[in-house]
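Asker: Below is the file structure-v9.txt, which contains compact mmCIF, C-alpha atoms.
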# COMPACT_ATOMS: atom_id res chain seq x y z
CA MET G 1 104.58 101.44 104.58
CA GLN G 2 104.20 105.14 103.78
CA VAL G 3 100.81 106.61 104.67
CA ASP G 4 99.05 109.90 104.00
CA ALA G 5 97.38 110.13 107.40
CA HIS G 6 94.74 112.72 106.57
CA GLN G 7 92.72 113.33 103.42
CA HIS G 8 89.08 113.63 102.35
CA PHE G 9 86.67 112.48 99.67
CA TRP G 10 83.38 114.04 98.72
CA ILE G 11 80.68 114.30 96.11
CA TYR G 12 80.18 118.03 95.98
CA ARG G 13 76.78 119.49 96.76
CA PRO G 14 76.65 123.23 97.55
CA ASP G 15 74.15 122.85 100.38
CA GLU G 16 76.36 120.29 102.16
CA TYR G 17 79.69 122.06 101.71
CA GLY G 18 78.85 125.65 102.52
CA TRP G 19 82.28 126.14 104.10
CA ILE G 20 83.82 125.98 100.61
CA ASP G 21 83.58 129.70 99.85
CA ASP G 22 84.58 131.65 96.75
CA SER G 23 88.24 131.68 97.82
CA MET G 24 88.19 127.88 97.49
CA ALA G 25 86.14 127.66 94.32
CA ALA G 26 88.50 125.03 92.88
CA LEU G 27 87.20 122.62 95.55
CA ARG G 28 83.64 122.82 94.25
CA ARG G 29 83.73 119.48 92.48
CA ASP G 30 83.87 115.79 93.31
CA PHE G 31 87.07 114.35 94.80
CA LEU G 32 87.25 110.56 94.76
CA PRO G 33 89.85 107.78 95.09
CA HIS G 34 90.70 107.75 91.40
CA ASP G 35 91.66 111.43 91.70
CA LEU G 36 93.95 110.85 94.68
CA GLY G 37 95.56 107.64 93.45
CA PRO G 38 98.09 109.21 91.06
CA GLU G 39 99.14 111.75 93.71
CA LEU G 40 99.77 109.02 96.28
CA ALA G 41 101.80 107.02 93.77
CA ARG G 42 103.94 109.98 92.71
CA GLU G 43 104.82 110.76 96.33
CA GLY G 44 105.53 107.15 97.27
CA PHE G 45 102.54 106.61 99.58
CA HIS G 46 101.10 103.12 99.80
CA GLY G 47 97.73 104.45 100.87
CA SER G 48 95.84 106.95 102.99
CA VAL G 49 93.44 107.45 105.86
CA ALA G 50 90.18 109.02 104.71
CA VAL G 51 88.60 111.42 107.21
CA GLN G 52 84.98 112.53 107.47
CA THR G 53 83.84 115.99 106.43
CA ARG G 54 80.07 115.73 107.01
CA GLN G 55 78.60 114.80 110.37
CA THR G 56 76.26 112.09 109.14
CA LEU G 57 76.09 108.33 109.58
CA GLU G 58 75.47 108.13 105.85
CA GLU G 59 78.90 109.57 105.09
CA THR G 60 80.62 107.13 107.44
CA ARG G 61 78.85 104.30 105.63
CA TRP G 62 79.84 105.75 102.24
CA LEU G 63 83.51 106.13 103.21
CA LEU G 64 83.62 102.51 104.35
CA GLU G 65 82.04 101.44 101.06
CA LEU G 66 84.71 103.41 99.20
CA ALA G 67 87.37 101.72 101.30
CA ALA G 68 85.99 98.29 100.42
CA ARG G 69 86.44 99.10 96.72
CA SER G 70 89.71 101.04 97.01
CA PRO G 71 92.77 99.21 98.40
CA SER G 72 94.59 102.54 98.78
CA ILE G 73 92.17 103.56 101.58
CA LEU G 74 93.89 101.93 104.54
CA GLY G 75 91.55 103.32 107.17
CA VAL G 76 88.51 105.53 107.70
CA VAL G 77 87.93 108.11 110.42
CA GLY G 78 84.17 108.43 110.46
CA TRP G 79 81.50 110.18 112.49
CA VAL G 80 78.87 108.99 114.91
CA ASP G 81 76.81 111.16 117.22
CA LEU G 82 78.93 110.95 120.35
CA ARG G 83 76.30 112.97 122.25
CA SER G 84 73.54 110.48 121.51
CA GLN G 85 72.13 108.09 124.10
CA ASP G 86 72.46 105.30 121.51
CA VAL G 87 76.07 106.04 120.55
CA ARG G 88 77.05 102.47 121.35
CA SER G 89 74.57 101.04 118.87
CA GLN G 90 75.66 103.57 116.24
CA ILE G 91 79.26 102.44 116.63
CA LYS G 92 78.24 98.77 116.53
CA THR G 93 76.75 99.40 113.08
CA PHE G 94 80.24 100.08 111.72
CA ALA G 95 82.69 98.60 114.21
CA GLN G 96 82.90 95.14 112.66
CA ASN G 97 84.45 96.76 109.58
CA PRO G 98 88.24 96.67 110.14
CA LYS G 99 88.69 99.77 107.97
CA LEU G 100 86.97 101.93 110.62
CA VAL G 101 89.92 103.13 112.70
CA GLY G 102 88.62 106.26 114.39
CA ILE G 103 85.88 108.80 115.01
CA ARG G 104 85.91 112.58 114.63
CA HIS G 105 83.63 115.45 115.57
CA ILE G 106 84.07 118.91 114.04
CA VAL G 107 84.61 120.60 117.38
CA GLN G 108 86.14 123.69 115.78
CA ALA G 109 82.68 124.61 114.47
CA GLU G 110 80.91 124.31 117.82
CA PRO G 111 79.88 127.64 119.40
CA ASP G 112 80.85 126.45 122.87
CA ASP G 113 84.63 126.70 123.26
CA ARG G 114 84.40 124.12 126.06
CA PHE G 115 82.39 121.66 123.97
CA LEU G 116 84.90 118.86 124.54
CA LEU G 117 84.00 118.87 128.23
CA GLN G 118 80.23 118.65 127.84
CA PRO G 119 79.00 115.65 129.87
CA ASP G 120 77.13 113.96 127.02
CA PHE G 121 80.15 114.26 124.74
CA LEU G 122 82.47 112.88 127.40
CA ARG G 123 80.12 109.96 127.86
CA GLY G 124 80.25 109.20 124.14
CA VAL G 125 84.03 109.39 123.95
CA SER G 126 84.26 106.97 126.87
CA VAL G 127 82.68 104.31 124.63
CA LEU G 128 85.41 104.46 121.96
CA GLU G 129 87.98 102.47 123.94
CA GLU G 130 85.51 99.60 124.14
CA PHE G 131 85.64 99.35 120.33
CA ASP G 132 89.38 100.09 120.03
CA LEU G 133 88.72 103.27 118.07
CA ALA G 134 90.91 106.37 118.15
CA TYR G 135 89.53 109.90 118.36
CA ASP G 136 90.62 112.78 116.09
CA ILE G 137 90.76 116.16 117.85
CA LEU G 138 89.79 118.91 115.38
CA ILE G 139 90.16 122.28 117.08
CA TYR G 140 91.61 125.76 116.76
CA THR G 141 94.54 127.04 118.80
CA ARG G 142 92.23 128.70 121.34
CA HIS G 143 90.82 125.28 122.23
CA LEU G 144 94.17 123.74 123.21
CA PRO G 145 93.84 124.31 126.99
CA VAL G 146 90.41 122.65 126.98
CA ALA G 147 91.78 119.80 124.85
CA ALA G 148 94.40 119.13 127.54
CA GLU G 149 91.66 118.92 130.19
CA PHE G 150 89.73 116.62 127.88
CA VAL G 151 92.47 114.07 127.18
CA GLU G 152 93.49 114.02 130.85
CA ARG G 153 90.16 112.29 131.57
CA PHE G 154 90.96 109.39 129.21
CA PRO G 155 94.47 108.07 129.89
CA ARG G 156 93.91 104.85 127.90
CA GLN G 157 92.15 106.38 124.90
CA ARG G 158 94.18 106.98 121.73
CA PHE G 159 93.95 110.58 120.48
CA VAL G 160 95.40 112.34 117.46
CA LEU G 161 95.44 116.10 117.01
CA ASP G 162 94.46 117.18 113.50
CA HIS G 163 96.46 119.89 111.72
CA LEU G 164 98.45 120.78 114.86
CA ALA G 165 95.37 122.71 116.06
CA LYS G 166 95.61 125.04 113.06
CA PRO G 167 98.55 127.18 114.17
CA PRO G 168 98.69 130.91 113.34
CA ILE G 169 101.28 130.51 110.60
CA LYS G 170 100.06 133.49 108.60
CA SER G 171 100.52 135.91 111.51
CA GLY G 172 103.55 134.13 112.94
CA GLU G 173 102.25 134.56 116.49
CA ILE G 174 103.64 131.32 117.80
CA ASN G 175 103.90 131.66 121.58
CA SER G 176 100.41 130.89 122.89
CA TRP G 177 99.99 128.10 120.35
CA ALA G 178 103.35 126.59 121.34
CA GLU G 179 102.40 126.69 125.02
CA GLY G 180 99.16 124.83 124.30
CA ILE G 181 100.90 122.27 122.11
CA ARG G 182 103.49 121.50 124.78
CA ARG G 183 100.80 120.98 127.39
CA LEU G 184 98.78 118.64 125.16
CA ALA G 185 101.86 116.72 124.00
CA ALA G 186 102.70 115.94 127.64
CA PHE G 187 100.04 113.22 127.46
CA PRO G 188 101.71 110.15 125.90
CA ASN G 189 98.46 108.86 124.38
CA VAL G 190 98.18 111.91 122.11
CA PHE G 191 99.70 111.87 118.61
CA ALA G 192 99.54 114.69 116.06
CA LYS G 193 99.17 115.08 112.33
CA LEU G 194 101.50 117.33 110.35
CA SER G 195 98.65 118.19 108.03
CA GLY G 196 96.69 121.20 106.88
CA LEU G 197 99.60 123.55 107.48
CA VAL G 198 99.84 125.22 104.07
CA THR G 199 96.24 126.42 104.39
CA GLU G 200 97.09 128.15 107.68
CA ALA G 201 99.79 130.16 105.91
CA ASP G 202 99.34 132.95 103.37
CA TRP G 203 97.93 131.02 100.42
CA GLN G 204 99.63 133.17 97.79
CA GLN G 205 102.96 133.93 99.44
CA TRP G 206 103.80 131.13 101.86
CA LYS G 207 107.28 129.64 101.98
CA PRO G 208 108.59 126.59 103.87
CA GLU G 209 110.48 128.86 106.26
CA HIS G 210 107.13 130.29 107.44
CA ILE G 211 106.06 126.80 108.53
CA SER G 212 109.37 125.47 109.89
CA PRO G 213 109.18 127.20 113.33
CA PHE G 214 105.86 125.46 113.96
CA LEU G 215 107.33 122.13 112.92
CA ASP G 216 110.21 122.80 115.32
CA VAL G 217 107.74 123.06 118.21
CA ALA G 218 105.84 119.96 117.08
CA PHE G 219 108.96 117.80 116.99
CA GLU G 220 110.28 119.21 120.27
CA SER G 221 106.93 118.56 121.96
CA PHE G 222 105.69 115.27 120.55
CA GLY G 223 108.95 113.73 119.39
CA ALA G 224 109.33 112.10 116.01
CA ASP G 225 107.57 108.91 117.11
CA ARG G 226 104.16 110.57 117.67
CA LEU G 227 103.92 112.65 114.50
CA MET G 228 102.47 111.63 111.15
CA ILE G 229 102.37 113.29 107.75
CA GLY G 230 99.05 114.19 106.17
CA SER G 231 98.15 116.10 103.04
CA ASP G 232 94.66 117.35 103.94
CA TRP G 233 93.88 116.79 100.23
CA PRO G 234 91.88 118.19 98.56
CA VAL G 235 91.58 121.13 101.00
CA CYS G 236 95.33 121.72 100.63
CA LEU G 237 94.78 122.56 96.95
CA ALA G 238 93.53 126.00 98.01
CA ALA G 239 97.13 126.83 98.94
CA ALA G 240 99.39 124.29 97.22
CA PRO G 241 99.44 121.26 94.92
CA TYR G 242 99.59 117.89 96.64
CA ALA G 243 103.34 117.46 96.15
CA LEU G 244 104.13 120.82 97.75
CA ALA G 245 101.74 120.27 100.65
CA VAL G 246 103.43 117.03 101.70
CA GLY G 247 106.84 118.23 100.52
CA VAL G 248 107.02 120.80 103.31
CA VAL G 249 107.11 118.02 105.91
CA LYS G 250 109.23 115.61 103.84
CA ASP G 251 111.89 118.25 103.24
CA TYR G 252 111.89 119.33 106.88
CA VAL G 253 112.46 115.78 108.08
CA LEU G 254 115.25 115.10 105.61
CA LYS G 255 116.93 118.38 106.49
CA HIS G 256 116.88 117.75 110.24
CA GLN G 257 117.03 114.03 111.00
CA ALA G 258 116.80 111.48 108.20
CA GLU G 259 116.13 108.74 110.75
CA TRP G 260 112.78 110.39 111.53
CA ARG G 261 111.62 109.72 107.99
CA ASP G 262 110.14 106.22 108.24
CA GLY G 263 108.17 107.00 111.36
CA VAL G 264 106.71 110.32 110.26
CA LEU G 265 105.98 109.13 106.72
CA GLY G 266 104.08 106.05 107.72
CA GLU G 267 105.25 103.84 110.57
CA ASN G 268 103.71 106.04 113.26
CA ALA G 269 100.34 106.10 111.50
CA THR G 270 100.48 102.35 110.92
CA ARG G 271 101.20 101.76 114.60
CA PHE G 272 98.65 104.28 115.89
CA TRP G 273 95.73 102.96 113.83
CA ARG G 274 97.05 99.37 113.44
CA LEU G 275 96.79 99.65 109.69
CA THR G 276 97.42 96.82 107.30
CA ALA G 277 97.99 96.96 103.56
CA SER G 278 95.05 95.71 101.50
Before we go any further, please render this structure as structure tokens.
Answerer:
Amino acid sequence: MQVDAHQHFWIYRPDEYGWIDDSMAALRRDFLPHDLGPELAREGFHGSVAVQTRQTLEETRWLLELAARSPSILGVVGWVDLRSQDVRSQIKTFAQNPKLVGIRHIVQAEPDDRFLLQPDFLRGVSVLEEFDLAYDILIYTRHLPVAAEFVERFPRQRFVLDHLAKPPIKSGEINSWAEGIRRLAAFPNVFAKLSGLVTEADWQQWKPEHISPFLDVAFESFGADRLMIGSDWPVCLAAAPYALAVGVVKDYVLKHQAEWRDGVLGENATRFWRLTAS
């Protein structure tokens, strides 16, 4: 089963999506399953994992409702307030739904660069294993050392790094990012998504060869059995159409090791989140 491991849906409201600035004006509209369906089909994906964008319980509920109506949504990574004293009851509200496969917090937007290590957040993350839920790590490159400290505290918790920690593809300054990736990848319970990479490159002038060195490090560090393809649709549309955004990874895999293909294009995601076709 081929899986797009990272994409989003939203009903656009300017006050809720302030991060969509003028440079991304094309994203200022609704993006729903009927918009993504043709793209998935053209690229041979059987379905996708929908990931939260707003930190509200209402959005988690809405994504699960979408998943109930849309067989192509194989899983949902939602949000609960992991810092809350009643995090367990928040999770219980959704956990009986088999489409809920993980939780994410937008750590990259937190002013504290060591947010992942805050005691109340650590307490909340410790509850996820009880419900067999994975955690998506959304950070920038500068957060990688803290992320390694964070995952070290939870050896049995499943983690997946979103967008390879947003590497500095546009500048090409690979060394400090690569060092952080290698340290994080040393933990066997951490997977990573090959997603969101085109938007870290120069939107107007990027080429696959600008991204390939970063993919080299990812495969050397995580191995092909802990990496999964993701489009980051519709955010990717700021830099590339859907086919080009996923094509960067598809072409890289076929060029280097064709036997990596099944794992990266879906088997790893299926195994990590225990997905089943609807």
Asker: For a quick check of understanding, using all atoms listed in the file, which of G:Val198, G:Leu128, G:Ile169, G:Leu144 has the smallest distance to Ala185 of chain G?
Answerer: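 Checking each of G:Val198, G:Leu128, G:Ile169, G:Leu144 against Ala185 of chain G, counting all atoms listed in the file, the winner is G:Leu144.
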Asker: How close does segment 105-164 of chain G get to segment 74-98 of chain G? List, as a Markdown table, each residue of segment 105-164 of chain G within 6 Å, its nearest atom pair and the distance in Å to one decimal, counting only C-alpha atoms.
Answerer:
| residue | atom | partner | partner_atom | distance |
| --- | --- | --- | --- | --- |
| G:Asp120 | CA | G:Arg83 | CA | 4.9 |
| G:Phe121 | CA | G:Arg83 | CA | 4.8 |
| G:Gly124 | CA | G:Leu82 | CA | 4.4 |
Asker: When distances are computed from all atoms listed in the file, which of G:Ser48, G:Leu63, G:Phe131, G:Arg28 shows the smallest separation from Pro14 of chain G?
Answerer: G:Arg28
Asker: Which residues are close to segment 3-10 of chain G, i.e. within 7 Å by all atoms listed in the file, leaving aside same-chain residues fewer than 3 positions away? Reply as a list in words.
Answerer: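 Within the cut-off, the hits are Asp30, Phe31, Leu32, Phe45, His46, Gly47, Ser48, Val49, Ala50, Val51, Gln52, Ser195, Met228, Ile229, Gly230, Ser231, Asp232, Trp233, Pro234, Leu265, Gly266 and Ala269 of chain G.
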Asker: Go ahead and compute the interatomic distance for atom CA of Pro145 of chain G and atom CA of Leu184 of chain G, in Å to one decimal.
Answerer: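 Answer for the atom CA of Pro145 of chain G to atom CA of Leu184 of chain G separation: 7.7 Å.
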